[in-house]
$ cat target22.cif   # mmCIF, N, CA, C and O atoms
data_structure
#
loop_
_atom_site.label_atom_id
_atom_site.label_comp_id
_atom_site.auth_asym_id
_atom_site.auth_seq_id
_atom_site.Cartn_x
_atom_site.Cartn_y
_atom_site.Cartn_z
N MET W 1 164.26 153.75 75.70
CA MET W 1 163.24 152.85 75.21
C MET W 1 161.87 153.36 75.64
O MET W 1 161.65 153.74 76.79
N THR W 2 160.92 153.36 74.74
CA THR W 2 159.58 153.83 75.02
C THR W 2 158.79 152.73 75.73
O THR W 2 158.83 151.57 75.34
N GLN W 3 158.08 153.11 76.77
CA GLN W 3 157.23 152.16 77.49
C GLN W 3 155.95 151.94 76.71
O GLN W 3 155.39 152.86 76.14
N LYS W 4 155.48 150.70 76.70
CA LYS W 4 154.18 150.40 76.12
C LYS W 4 153.14 150.63 77.20
O LYS W 4 153.25 150.10 78.30
N LEU W 5 152.13 151.43 76.88
CA LEU W 5 151.08 151.76 77.85
C LEU W 5 149.71 151.36 77.33
O LEU W 5 149.45 151.41 76.12
N VAL W 6 148.85 150.96 78.26
CA VAL W 6 147.44 150.73 77.95
C VAL W 6 146.62 151.49 78.98
O VAL W 6 146.98 151.57 80.15
N ARG W 7 145.53 152.08 78.52
CA ARG W 7 144.59 152.76 79.42
C ARG W 7 143.40 151.82 79.56
O ARG W 7 142.81 151.40 78.58
N VAL W 8 143.08 151.49 80.82
CA VAL W 8 142.09 150.46 81.11
C VAL W 8 140.93 151.03 81.92
O VAL W 8 141.15 151.74 82.91
N ALA W 9 139.71 150.72 81.50
CA ALA W 9 138.51 151.07 82.26
C ALA W 9 138.21 149.90 83.18
O ALA W 9 138.04 148.77 82.72
N ILE W 10 138.19 150.18 84.48
CA ILE W 10 137.97 149.15 85.50
C ILE W 10 136.62 149.41 86.15
O ILE W 10 136.27 150.57 86.42
N PRO W 11 135.84 148.37 86.44
CA PRO W 11 134.52 148.58 87.04
C PRO W 11 134.60 148.96 88.52
O PRO W 11 134.33 148.17 89.41
N VAL W 12 135.01 150.19 88.76
CA VAL W 12 135.05 150.76 90.10
C VAL W 12 134.35 152.12 90.05
O VAL W 12 134.26 152.73 88.99
N PRO W 13 133.84 152.61 91.17
CA PRO W 13 133.08 153.87 91.16
C PRO W 13 133.97 155.11 91.12
O PRO W 13 133.84 156.03 91.91
N LEU W 14 134.92 155.12 90.17
CA LEU W 14 135.80 156.27 89.97
C LEU W 14 135.68 156.71 88.52
O LEU W 14 135.74 155.87 87.61
N ALA W 15 135.53 157.99 88.31
CA ALA W 15 135.27 158.52 86.96
C ALA W 15 136.56 158.73 86.18
O ALA W 15 136.84 159.83 85.71
N GLN W 16 137.35 157.69 86.03
CA GLN W 16 138.57 157.78 85.24
C GLN W 16 138.99 156.39 84.81
O GLN W 16 138.54 155.40 85.36
N SER W 17 139.84 156.36 83.80
CA SER W 17 140.47 155.11 83.40
C SER W 17 141.90 155.15 83.91
O SER W 17 142.42 156.22 84.25
N PHE W 18 142.55 154.01 83.97
CA PHE W 18 143.85 153.91 84.62
C PHE W 18 144.91 153.41 83.64
O PHE W 18 144.65 152.53 82.82
N ASP W 19 146.10 154.00 83.75
CA ASP W 19 147.22 153.63 82.88
C ASP W 19 148.02 152.51 83.50
O ASP W 19 148.29 152.51 84.71
N TYR W 20 148.42 151.56 82.66
CA TYR W 20 149.24 150.42 83.07
C TYR W 20 150.35 150.21 82.05
O TYR W 20 150.18 150.48 80.86
N LEU W 21 151.46 149.72 82.53
CA LEU W 21 152.54 149.31 81.64
C LEU W 21 152.17 147.98 81.01
O LEU W 21 151.53 147.14 81.65
N TRP W 22 152.60 147.78 79.79
CA TRP W 22 152.40 146.49 79.12
C TRP W 22 153.77 145.84 78.99
O TRP W 22 154.50 146.07 78.02
N PRO W 23 154.17 145.01 79.98
CA PRO W 23 155.52 144.46 80.00
C PRO W 23 155.68 143.19 79.17
O PRO W 23 156.79 142.74 78.93
N LEU W 24 154.58 142.62 78.74
CA LEU W 24 154.63 141.34 78.05
C LEU W 24 155.20 141.50 76.65
O LEU W 24 155.04 142.55 76.03
N PRO W 25 155.85 140.47 76.12
CA PRO W 25 156.40 140.56 74.77
C PRO W 25 155.31 140.55 73.69
O PRO W 25 155.56 140.90 72.56
N ASP W 26 154.11 140.16 74.07
CA ASP W 26 153.00 140.15 73.13
C ASP W 26 152.71 141.58 72.66
O ASP W 26 153.01 142.54 73.37
N PRO W 27 152.09 141.72 71.49
CA PRO W 27 151.70 143.08 71.06
C PRO W 27 150.64 143.65 72.01
O PRO W 27 149.97 142.91 72.73
N LEU W 28 150.52 144.95 72.00
CA LEU W 28 149.51 145.61 72.84
C LEU W 28 148.12 145.09 72.51
O LEU W 28 147.78 144.94 71.33
N PRO W 29 147.30 144.82 73.53
CA PRO W 29 145.92 144.40 73.25
C PRO W 29 145.13 145.57 72.67
O PRO W 29 145.28 146.71 73.11
N ALA W 30 144.32 145.29 71.69
CA ALA W 30 143.53 146.33 71.02
C ALA W 30 142.47 146.89 71.96
O ALA W 30 142.02 146.19 72.88
N PRO W 31 142.04 148.13 71.74
CA PRO W 31 140.92 148.64 72.52
C PRO W 31 139.70 147.72 72.38
O PRO W 31 139.40 147.23 71.30
N GLY W 32 139.04 147.47 73.51
CA GLY W 32 137.91 146.56 73.54
C GLY W 32 138.27 145.17 74.04
O GLY W 32 137.41 144.32 74.19
N THR W 33 139.55 144.96 74.32
CA THR W 33 140.04 143.66 74.81
C THR W 33 140.06 143.66 76.33
O THR W 33 140.45 144.64 76.96
N ARG W 34 139.64 142.55 76.94
CA ARG W 34 139.69 142.43 78.40
C ARG W 34 141.12 142.11 78.85
O ARG W 34 141.83 141.34 78.22
N VAL W 35 141.52 142.74 79.95
CA VAL W 35 142.83 142.48 80.55
C VAL W 35 142.67 142.34 82.06
O VAL W 35 141.73 142.87 82.65
N LYS W 36 143.59 141.62 82.66
CA LYS W 36 143.62 141.48 84.12
C LYS W 36 144.69 142.43 84.63
O LYS W 36 145.83 142.40 84.15
N VAL W 37 144.31 143.29 85.58
CA VAL W 37 145.23 144.30 86.10
C VAL W 37 145.17 144.35 87.63
O VAL W 37 144.13 144.09 88.22
N PRO W 38 146.29 144.71 88.25
CA PRO W 38 146.24 144.91 89.71
C PRO W 38 145.58 146.25 90.01
O PRO W 38 145.77 147.23 89.30
N PHE W 39 144.77 146.25 91.06
CA PHE W 39 144.12 147.48 91.48
C PHE W 39 143.95 147.39 92.99
O PHE W 39 143.22 146.53 93.49
N GLY W 40 144.62 148.26 93.71
CA GLY W 40 144.60 148.17 95.16
C GLY W 40 145.28 146.89 95.60
O GLY W 40 146.36 146.56 95.14
N ARG W 41 144.61 146.14 96.45
CA ARG W 41 145.18 144.88 96.95
C ARG W 41 144.68 143.65 96.20
O ARG W 41 144.94 142.53 96.62
N SER W 42 143.94 143.87 95.13
CA SER W 42 143.40 142.74 94.39
C SER W 42 143.63 142.95 92.89
O SER W 42 144.30 143.89 92.48
N HIS W 43 143.09 142.06 92.10
CA HIS W 43 143.14 142.17 90.65
C HIS W 43 141.72 142.34 90.12
O HIS W 43 140.77 141.80 90.69
N HIS W 44 141.59 143.10 89.04
CA HIS W 44 140.29 143.33 88.41
C HIS W 44 140.39 143.01 86.93
O HIS W 44 141.46 143.05 86.34
N ILE W 45 139.23 142.71 86.36
CA ILE W 45 139.13 142.54 84.92
C ILE W 45 138.66 143.88 84.36
O ILE W 45 137.61 144.39 84.76
N GLY W 46 139.44 144.45 83.48
CA GLY W 46 139.09 145.72 82.85
C GLY W 46 139.13 145.58 81.35
O GLY W 46 139.47 144.53 80.82
N VAL W 47 138.80 146.67 80.67
CA VAL W 47 138.79 146.69 79.22
C VAL W 47 139.71 147.81 78.74
O VAL W 47 139.63 148.94 79.22
N VAL W 48 140.59 147.48 77.81
CA VAL W 48 141.49 148.47 77.23
C VAL W 48 140.63 149.47 76.44
O VAL W 48 139.80 149.07 75.62
N VAL W 49 140.84 150.77 76.70
CA VAL W 49 140.08 151.79 75.98
C VAL W 49 140.96 152.59 75.02
O VAL W 49 140.46 153.20 74.08
N GLU W 50 142.27 152.59 75.26
CA GLU W 50 143.18 153.27 74.32
C GLU W 50 144.63 152.92 74.65
O GLU W 50 144.92 152.31 75.68
N HIS W 51 145.51 153.35 73.75
CA HIS W 51 146.95 153.20 73.94
C HIS W 51 147.54 154.61 74.01
O HIS W 51 147.86 155.19 72.97
N PRO W 52 147.68 155.16 75.21
CA PRO W 52 148.20 156.54 75.30
C PRO W 52 149.68 156.59 74.95
O PRO W 52 150.42 155.63 75.19
N ALA W 53 150.11 157.70 74.37
CA ALA W 53 151.52 157.89 74.06
C ALA W 53 152.33 158.12 75.33
O ALA W 53 153.49 157.74 75.42
N SER W 54 151.68 158.74 76.32
CA SER W 54 152.35 158.99 77.60
C SER W 54 151.29 159.01 78.69
O SER W 54 150.09 159.02 78.42
N SER W 55 151.76 159.05 79.93
CA SER W 55 150.86 159.05 81.07
C SER W 55 151.20 160.22 81.99
O SER W 55 152.38 160.57 82.11
N PRO W 56 150.20 160.81 82.63
CA PRO W 56 150.50 161.88 83.60
C PRO W 56 151.19 161.33 84.85
O PRO W 56 151.76 162.10 85.62
N ILE W 57 151.16 160.02 85.04
CA ILE W 57 151.82 159.37 86.17
C ILE W 57 153.24 158.99 85.75
O ILE W 57 153.45 158.52 84.64
N ASP W 58 154.20 159.18 86.64
CA ASP W 58 155.58 158.79 86.34
C ASP W 58 155.64 157.29 86.06
O ASP W 58 154.97 156.49 86.74
N ALA W 59 156.46 156.90 85.10
CA ALA W 59 156.55 155.49 84.67
C ALA W 59 156.93 154.56 85.82
O ALA W 59 156.44 153.44 85.88
N HIS W 60 157.77 155.02 86.74
CA HIS W 60 158.18 154.14 87.84
C HIS W 60 157.06 153.89 88.86
O HIS W 60 157.15 152.99 89.67
N ARG W 61 155.99 154.69 88.78
CA ARG W 61 154.85 154.49 89.69
C ARG W 61 153.73 153.67 89.07
O ARG W 61 152.81 153.25 89.76
N LEU W 62 153.79 153.44 87.77
CA LEU W 62 152.74 152.67 87.10
C LEU W 62 152.91 151.18 87.38
O LEU W 62 154.03 150.67 87.42
N LYS W 63 151.80 150.51 87.55
CA LYS W 63 151.82 149.05 87.73
C LYS W 63 151.73 148.40 86.36
O LYS W 63 151.29 149.01 85.38
N ALA W 64 152.12 147.15 86.30
CA ALA W 64 152.09 146.41 85.05
C ALA W 64 150.81 145.58 84.95
O ALA W 64 150.38 144.99 85.94
N ALA W 65 150.23 145.55 83.77
CA ALA W 65 149.09 144.68 83.52
C ALA W 65 149.55 143.24 83.62
O ALA W 65 150.70 142.92 83.32
N THR W 66 148.67 142.36 84.07
CA THR W 66 149.03 140.96 84.28
C THR W 66 148.91 140.12 83.03
O THR W 66 149.81 139.39 82.68
N GLN W 67 147.76 140.22 82.34
CA GLN W 67 147.57 139.42 81.15
C GLN W 67 146.39 139.91 80.32
O GLN W 67 145.49 140.57 80.83
N ALA W 68 146.43 139.59 79.04
CA ALA W 68 145.30 139.83 78.15
C ALA W 68 144.44 138.58 78.17
O ALA W 68 144.96 137.47 78.11
N LEU W 69 143.15 138.75 78.29
CA LEU W 69 142.24 137.60 78.38
C LEU W 69 141.64 137.21 77.03
O LEU W 69 141.05 136.13 76.92
N ASP W 70 141.80 138.06 76.03
CA ASP W 70 141.20 137.80 74.73
C ASP W 70 142.25 137.94 73.63
O ASP W 70 143.17 138.75 73.74
N ASP W 71 142.09 137.16 72.56
CA ASP W 71 142.98 137.27 71.41
C ASP W 71 142.60 138.45 70.52
O ASP W 71 143.43 139.00 69.82
N ARG W 72 141.32 138.79 70.54
CA ARG W 72 140.83 139.92 69.75
C ARG W 72 139.80 140.66 70.59
O ARG W 72 139.25 140.11 71.55
N PRO W 73 139.49 141.91 70.24
CA PRO W 73 138.56 142.70 71.04
C PRO W 73 137.16 142.09 71.10
O PRO W 73 136.64 141.60 70.10
N LEU W 74 136.57 142.12 72.29
CA LEU W 74 135.18 141.69 72.46
C LEU W 74 134.22 142.84 72.17
O LEU W 74 133.07 142.61 71.83
N ILE W 75 134.71 144.06 72.32
CA ILE W 75 133.89 145.25 72.10
C ILE W 75 134.46 145.98 70.89
O ILE W 75 135.62 146.40 70.92
N ASP W 76 133.65 146.11 69.85
CA ASP W 76 134.15 146.78 68.63
C ASP W 76 134.21 148.30 68.84
O ASP W 76 133.65 148.82 69.81
N PRO W 77 134.92 149.02 67.97
CA PRO W 77 135.09 150.47 68.16
C PRO W 77 133.77 151.25 68.24
O PRO W 77 133.67 152.21 69.00
N GLN W 78 132.76 150.84 67.47
CA GLN W 78 131.48 151.56 67.50
C GLN W 78 130.79 151.39 68.85
O GLN W 78 130.25 152.34 69.41
N LEU W 79 130.79 150.16 69.38
CA LEU W 79 130.16 149.93 70.68
C LEU W 79 130.95 150.63 71.78
O LEU W 79 130.37 151.21 72.70
N LEU W 80 132.28 150.62 71.69
CA LEU W 80 133.10 151.31 72.68
C LEU W 80 132.81 152.81 72.67
O LEU W 80 132.71 153.44 73.72
N ALA W 81 132.63 153.38 71.48
CA ALA W 81 132.28 154.80 71.37
C ALA W 81 130.91 155.07 71.98
O ALA W 81 130.71 156.07 72.68
N LEU W 82 129.95 154.17 71.75
CA LEU W 82 128.61 154.33 72.33
C LEU W 82 128.66 154.25 73.86
O LEU W 82 128.03 155.05 74.55
N LEU W 83 129.42 153.30 74.39
CA LEU W 83 129.53 153.16 75.85
C LEU W 83 130.23 154.37 76.46
O LEU W 83 129.86 154.83 77.55
N ASN W 84 131.21 154.91 75.75
CA ASN W 84 131.88 156.12 76.22
C ASN W 84 130.92 157.30 76.23
O ASN W 84 130.89 158.09 77.17
N TRP W 85 130.09 157.41 75.18
CA TRP W 85 129.08 158.46 75.14
C TRP W 85 128.10 158.31 76.31
O TRP W 85 127.75 159.28 76.98
N ALA W 86 127.63 157.08 76.55
CA ALA W 86 126.67 156.83 77.64
C ALA W 86 127.29 157.19 78.98
O ALA W 86 126.62 157.77 79.85
N SER W 87 128.56 156.89 79.14
CA SER W 87 129.26 157.23 80.38
C SER W 87 129.27 158.75 80.59
O SER W 87 129.00 159.24 81.68
N ASP W 88 129.57 159.49 79.53
CA ASP W 88 129.58 160.95 79.62
C ASP W 88 128.18 161.51 79.84
O ASP W 88 127.97 162.36 80.70
N TYR W 89 127.22 161.02 79.07
CA TYR W 89 125.86 161.55 79.13
C TYR W 89 125.22 161.31 80.50
O TYR W 89 124.60 162.21 81.07
N TYR W 90 125.37 160.10 81.02
CA TYR W 90 124.76 159.77 82.31
C TYR W 90 125.68 160.03 83.50
O TYR W 90 125.31 159.75 84.64
N ARG W 91 126.87 160.54 83.22
CA ARG W 91 127.85 160.86 84.27
C ARG W 91 128.09 159.68 85.19
O ARG W 91 127.99 159.77 86.42
N HIS W 92 128.39 158.55 84.56
CA HIS W 92 128.65 157.31 85.29
C HIS W 92 130.02 156.80 84.86
O HIS W 92 130.40 156.95 83.71
N PRO W 93 130.81 156.20 85.76
CA PRO W 93 132.15 155.74 85.41
C PRO W 93 132.15 154.78 84.21
O PRO W 93 131.35 153.85 84.14
N LEU W 94 133.07 155.02 83.28
CA LEU W 94 133.15 154.21 82.06
C LEU W 94 133.35 152.73 82.37
O LEU W 94 132.73 151.88 81.73
N GLY W 95 134.17 152.40 83.35
CA GLY W 95 134.40 151.00 83.69
C GLY W 95 133.12 150.29 84.11
O GLY W 95 132.90 149.13 83.75
N GLU W 96 132.27 150.97 84.85
CA GLU W 96 131.01 150.37 85.27
C GLU W 96 130.02 150.27 84.11
O GLU W 96 129.25 149.32 84.03
N VAL W 97 130.04 151.24 83.20
CA VAL W 97 129.16 151.19 82.03
C VAL W 97 129.56 150.02 81.14
O VAL W 97 128.70 149.26 80.69
N ILE W 98 130.85 149.85 80.91
CA ILE W 98 131.32 148.73 80.08
C ILE W 98 130.98 147.41 80.76
O ILE W 98 130.52 146.47 80.11
N ALA W 99 131.19 147.32 82.07
CA ALA W 99 130.89 146.08 82.79
C ALA W 99 129.40 145.73 82.69
O ALA W 99 129.05 144.56 82.55
N ALA W 100 128.54 146.73 82.72
CA ALA W 100 127.11 146.47 82.62
C ALA W 100 126.73 145.94 81.23
O ALA W 100 125.71 145.27 81.08
N ALA W 101 127.55 146.23 80.23
CA ALA W 101 127.26 145.78 78.87
C ALA W 101 127.77 144.36 78.61
O ALA W 101 127.44 143.78 77.58
N LEU W 102 128.56 143.81 79.53
CA LEU W 102 129.12 142.48 79.35
C LEU W 102 128.35 141.44 80.16
O LEU W 102 127.89 141.74 81.27
N PRO W 103 128.23 140.21 79.66
CA PRO W 103 127.64 139.14 80.46
C PRO W 103 128.49 138.85 81.70
O PRO W 103 129.70 139.13 81.71
N LYS W 104 127.88 138.28 82.70
CA LYS W 104 128.55 138.03 83.98
C LYS W 104 129.83 137.20 83.83
O LYS W 104 130.85 137.53 84.44
N ALA W 105 129.80 136.17 83.03
CA ALA W 105 130.99 135.31 82.86
C ALA W 105 132.16 136.11 82.32
O ALA W 105 133.30 135.94 82.75
N LEU W 106 131.91 137.00 81.37
CA LEU W 106 132.99 137.83 80.81
C LEU W 106 133.50 138.82 81.83
O LEU W 106 134.70 139.12 81.86
N ARG W 107 132.62 139.37 82.66
CA ARG W 107 133.06 140.29 83.73
C ARG W 107 133.96 139.59 84.73
O ARG W 107 134.80 140.21 85.35
N GLN W 108 133.78 138.27 84.89
CA GLN W 108 134.57 137.51 85.84
C GLN W 108 135.87 136.97 85.23
O GLN W 108 136.62 136.28 85.90
N GLY W 109 136.11 137.27 83.97
CA GLY W 109 137.34 136.82 83.33
C GLY W 109 137.27 135.47 82.66
O GLY W 109 138.28 134.94 82.21
N LYS W 110 136.09 134.89 82.59
CA LYS W 110 135.93 133.59 81.94
C LYS W 110 135.85 133.76 80.43
O LYS W 110 135.48 134.82 79.95
N PRO W 111 136.17 132.69 79.68
CA PRO W 111 136.08 132.79 78.20
C PRO W 111 134.63 132.85 77.73
O PRO W 111 133.72 132.47 78.41
#

$ encode --input "target22.cif" --output "structure tokens"
Amino acid sequence: MTQKLVRVAIPVPLAQSFDYLWPLPDPLPAPGTRVKVPFGRSHHIGVVVEHPASSPIDAHRLKAATQALDDRPLIDPQLLALLNWASDYYRHPLGEVIAAALPKALRQGKP
């Protein structure tokens, strides 16, 4: 059985996005959708940036995403592409760039 994976940009000072298993029976959240994921000893609100076919991390080491916070993407594909470009151009972590583009309530996981 193929694992469902989501790649999530988390607002942390690391220049990478992180892969998570999607264990829920719901369909995969679209890119631009906020999700709650475990990170270290806490949980963070991140944004799905893609659905990778595979991960460089072994599947048994990947953590599972907790929940999708939105029914549909808050960030459309064009804005996600622009934020990704800004992250590359300014050499700043994508998760922090996306977080800066969202209002505070959305960064905190509120509707």

$ residues_near_point --input "target22.cif" --point "(135.2, 138.2, 70.5)" --cutoff "12 Å" --atoms "only C-alpha atoms" --output "ChimeraX atom specification"
/W:30,32-34,69-76,102,106,111

$ resolve_selection --input "target22.cif" --expression "the PyMOL selection byres ((chain W and resi 5-14) around 5)" --output "list in words"
Gln3, Lys4, Ala15, Gln16, Ser17, Phe18, Asp19, Tyr20, Leu21, Trp22, Ile45, Gly46, Val47, Val48, Val49, Glu50, His51, Pro52, Pro93, Gly95 and Glu96 of chain W

$ atom_distance --input "target22.cif" --atom1 "atom N of Leu62 (chain W)" --atom2 "CA of Pro23 (chain W)"
12.0 Å

$ select_by_dssp --input "target22.cif" --residues "chain W" --states "helix (DSSP H, G or I)" --output "PyMOL selection string"
chain W and resi 59-61+77-90+94-101+104-107

$ write_last_selection --input "target22.cif" --atoms "N, CA, C and O atoms" --output "CSV table (one decimal), keeping the file's coordinate frame"
chain,number,residue,atom,x,y,z
W,59,ALA,N,156.5,156.9,85.1
W,59,ALA,CA,156.6,155.5,84.7
W,59,ALA,C,156.9,154.6,85.8
W,59,ALA,O,156.4,153.4,85.9
W,60,HIS,N,157.8,155.0,86.7
W,60,HIS,CA,158.2,154.1,87.8
W,60,HIS,C,157.1,153.9,88.9
W,60,HIS,O,157.2,153.0,89.7
W,61,ARG,N,156.0,154.7,88.8
W,61,ARG,CA,154.8,154.5,89.7
W,61,ARG,C,153.7,153.7,89.1
W,61,ARG,O,152.8,153.2,89.8
W,77,PRO,N,134.9,149.0,68.0
W,77,PRO,CA,135.1,150.5,68.2
W,77,PRO,C,133.8,151.2,68.2
W,77,PRO,O,133.7,152.2,69.0
W,78,GLN,N,132.8,150.8,67.5
W,78,GLN,CA,131.5,151.6,67.5
W,78,GLN,C,130.8,151.4,68.8
W,78,GLN,O,130.2,152.3,69.4
W,79,LEU,N,130.8,150.2,69.4
W,79,LEU,CA,130.2,149.9,70.7
W,79,LEU,C,131.0,150.6,71.8
W,79,LEU,O,130.4,151.2,72.7
W,80,LEU,N,132.3,150.6,71.7
W,80,LEU,CA,133.1,151.3,72.7
W,80,LEU,C,132.8,152.8,72.7
W,80,LEU,O,132.7,153.4,73.7
W,81,ALA,N,132.6,153.4,71.5
W,81,ALA,CA,132.3,154.8,71.4
W,81,ALA,C,130.9,155.1,72.0
W,81,ALA,O,130.7,156.1,72.7
W,82,LEU,N,130.0,154.2,71.8
W,82,LEU,CA,128.6,154.3,72.3
W,82,LEU,C,128.7,154.2,73.9
W,82,LEU,O,128.0,155.0,74.6
W,83,LEU,N,129.4,153.3,74.4
W,83,LEU,CA,129.5,153.2,75.8
W,83,LEU,C,130.2,154.4,76.5
W,83,LEU,O,129.9,154.8,77.6
W,84,ASN,N,131.2,154.9,75.8
W,84,ASN,CA,131.9,156.1,76.2
W,84,ASN,C,130.9,157.3,76.2
W,84,ASN,O,130.9,158.1,77.2
W,85,TRP,N,130.1,157.4,75.2
W,85,TRP,CA,129.1,158.5,75.1
W,85,TRP,C,128.1,158.3,76.3
W,85,TRP,O,127.8,159.3,77.0
W,86,ALA,N,127.6,157.1,76.6
W,86,ALA,CA,126.7,156.8,77.6
W,86,ALA,C,127.3,157.2,79.0
W,86,ALA,O,126.6,157.8,79.8
W,87,SER,N,128.6,156.9,79.1
W,87,SER,CA,129.3,157.2,80.4
W,87,SER,C,129.3,158.8,80.6
W,87,SER,O,129.0,159.2,81.7
W,88,ASP,N,129.6,159.5,79.5
W,88,ASP,CA,129.6,161.0,79.6
W,88,ASP,C,128.2,161.5,79.8
W,88,ASP,O,128.0,162.4,80.7
W,89,TYR,N,127.2,161.0,79.1
W,89,TYR,CA,125.9,161.6,79.1
W,89,TYR,C,125.2,161.3,80.5
W,89,TYR,O,124.6,162.2,81.1
W,90,TYR,N,125.4,160.1,81.0
W,90,TYR,CA,124.8,159.8,82.3
W,90,TYR,C,125.7,160.0,83.5
W,90,TYR,O,125.3,159.8,84.6
W,94,LEU,N,133.1,155.0,83.3
W,94,LEU,CA,133.2,154.2,82.1
W,94,LEU,C,133.4,152.7,82.4
W,94,LEU,O,132.7,151.9,81.7
W,95,GLY,N,134.2,152.4,83.4
W,95,GLY,CA,134.4,151.0,83.7
W,95,GLY,C,133.1,150.3,84.1
W,95,GLY,O,132.9,149.1,83.8
W,96,GLU,N,132.3,151.0,84.8
W,96,GLU,CA,131.0,150.4,85.3
W,96,GLU,C,130.0,150.3,84.1
W,96,GLU,O,129.2,149.3,84.0
W,97,VAL,N,130.0,151.2,83.2
W,97,VAL,CA,129.2,151.2,82.0
W,97,VAL,C,129.6,150.0,81.1
W,97,VAL,O,128.7,149.3,80.7
W,98,ILE,N,130.8,149.8,80.9
W,98,ILE,CA,131.3,148.7,80.1
W,98,ILE,C,131.0,147.4,80.8
W,98,ILE,O,130.5,146.5,80.1
W,99,ALA,N,131.2,147.3,82.1
W,99,ALA,CA,130.9,146.1,82.8
W,99,ALA,C,129.4,145.7,82.7
W,99,ALA,O,129.0,144.6,82.6
W,100,ALA,N,128.5,146.7,82.7
W,100,ALA,CA,127.1,146.5,82.6
W,100,ALA,C,126.7,145.9,81.2
W,100,ALA,O,125.7,145.3,81.1
W,101,ALA,N,127.6,146.2,80.2
W,101,ALA,CA,127.3,145.8,78.9
W,101,ALA,C,127.8,144.4,78.6
W,101,ALA,O,127.4,143.8,77.6
W,104,LYS,N,127.9,138.3,82.7
W,104,LYS,CA,128.6,138.0,84.0
W,104,LYS,C,129.8,137.2,83.8
W,104,LYS,O,130.8,137.5,84.4
W,105,ALA,N,129.8,136.2,83.0
W,105,ALA,CA,131.0,135.3,82.9
W,105,ALA,C,132.2,136.1,82.3
W,105,ALA,O,133.3,135.9,82.8
W,106,LEU,N,131.9,137.0,81.4
W,106,LEU,CA,133.0,137.8,80.8
W,106,LEU,C,133.5,138.8,81.8
W,106,LEU,O,134.7,139.1,81.9
W,107,ARG,N,132.6,139.4,82.7
W,107,ARG,CA,133.1,140.3,83.7
W,107,ARG,C,134.0,139.6,84.7
W,107,ARG,O,134.8,140.2,85.4

$ atom_distance --input "target22.cif" --atom1 "CA of Lys110 (chain W)" --atom2 "CA of Lys63 (chain W)"
22.9 Å

$ closest_residue --input "target22.cif" --among "W:Ala101, W:Ala81, W:Ala59, W:Ala64" --to "Pro38 (chain W)" --atoms "only N, CA, C and O atoms"
W:Ala64

$ residues_near_point --input "target22.cif" --point "(143.1, 143.5, 82.3)" --cutoff "4.5 Å" --atoms "all atoms listed in the file" --output "list in words"
Arg34, Val35, Lys36, Val37, His44, Gly46 and Gln67 of chain W

$ axis_aligned_box --input "target22.cif" --around "region 11-16 of chain W" --padding-each-side "6 Å" --output "lines of an AutoDock Vina configuration file"
center_x = 136.0
center_y = 154.0
center_z = 88.4
size_x = 17.9
size_y = 23.7
size_z = 19.1

$ select_by_dssp --input "target22.cif" --residues "chain W" --states "strand (DSSP E)" --output "ChimeraX atom specification"
/W:5-9,18-21,34-39,42-50,67-68

$ atom_distance --input "target22.cif" --atom1 "atom N of Ala105 (chain W)" --atom2 "atom N of His43 (chain W)"
17.1 Å

$ decode --input "target22.cif" --residues "region 67-81 of chain W" --atoms "C-alpha atoms" --output "PDB file, in the first residue's frame"
ATOM      1  CA  GLN W  67      -5.296  17.609  11.108  1.00  0.00           C
ATOM      2  CA  ALA W  68      -6.190  19.861   8.202  1.00  0.00           C
ATOM      3  CA  LEU W  69      -7.401  23.256   9.380  1.00  0.00           C
ATOM      4  CA  ASP W  70      -9.032  24.368   6.127  1.00  0.00           C
ATOM      5  CA  ASP W  71     -11.550  22.815   3.735  1.00  0.00           C
ATOM      6  CA  ARG W  72      -9.898  24.506   0.776  1.00  0.00           C
ATOM      7  CA  PRO W  73      -6.524  26.211   0.217  1.00  0.00           C
ATOM      8  CA  LEU W  74      -6.036  29.666   1.723  1.00  0.00           C
ATOM      9  CA  ILE W  75      -3.077  30.314  -0.570  1.00  0.00           C
ATOM     10  CA  ASP W  76      -3.725  29.901  -4.293  1.00  0.00           C
ATOM     11  CA  PRO W  77      -1.084  28.339  -6.598  1.00  0.00           C
ATOM     12  CA  GLN W  78       0.059  31.713  -7.994  1.00  0.00           C
ATOM     13  CA  LEU W  79       0.648  33.203  -4.536  1.00  0.00           C
ATOM     14  CA  LEU W  80       2.375  29.999  -3.381  1.00  0.00           C
ATOM     15  CA  ALA W  81       4.688  30.231  -6.408  1.00  0.00           C
TER      16      ALA W  81
END
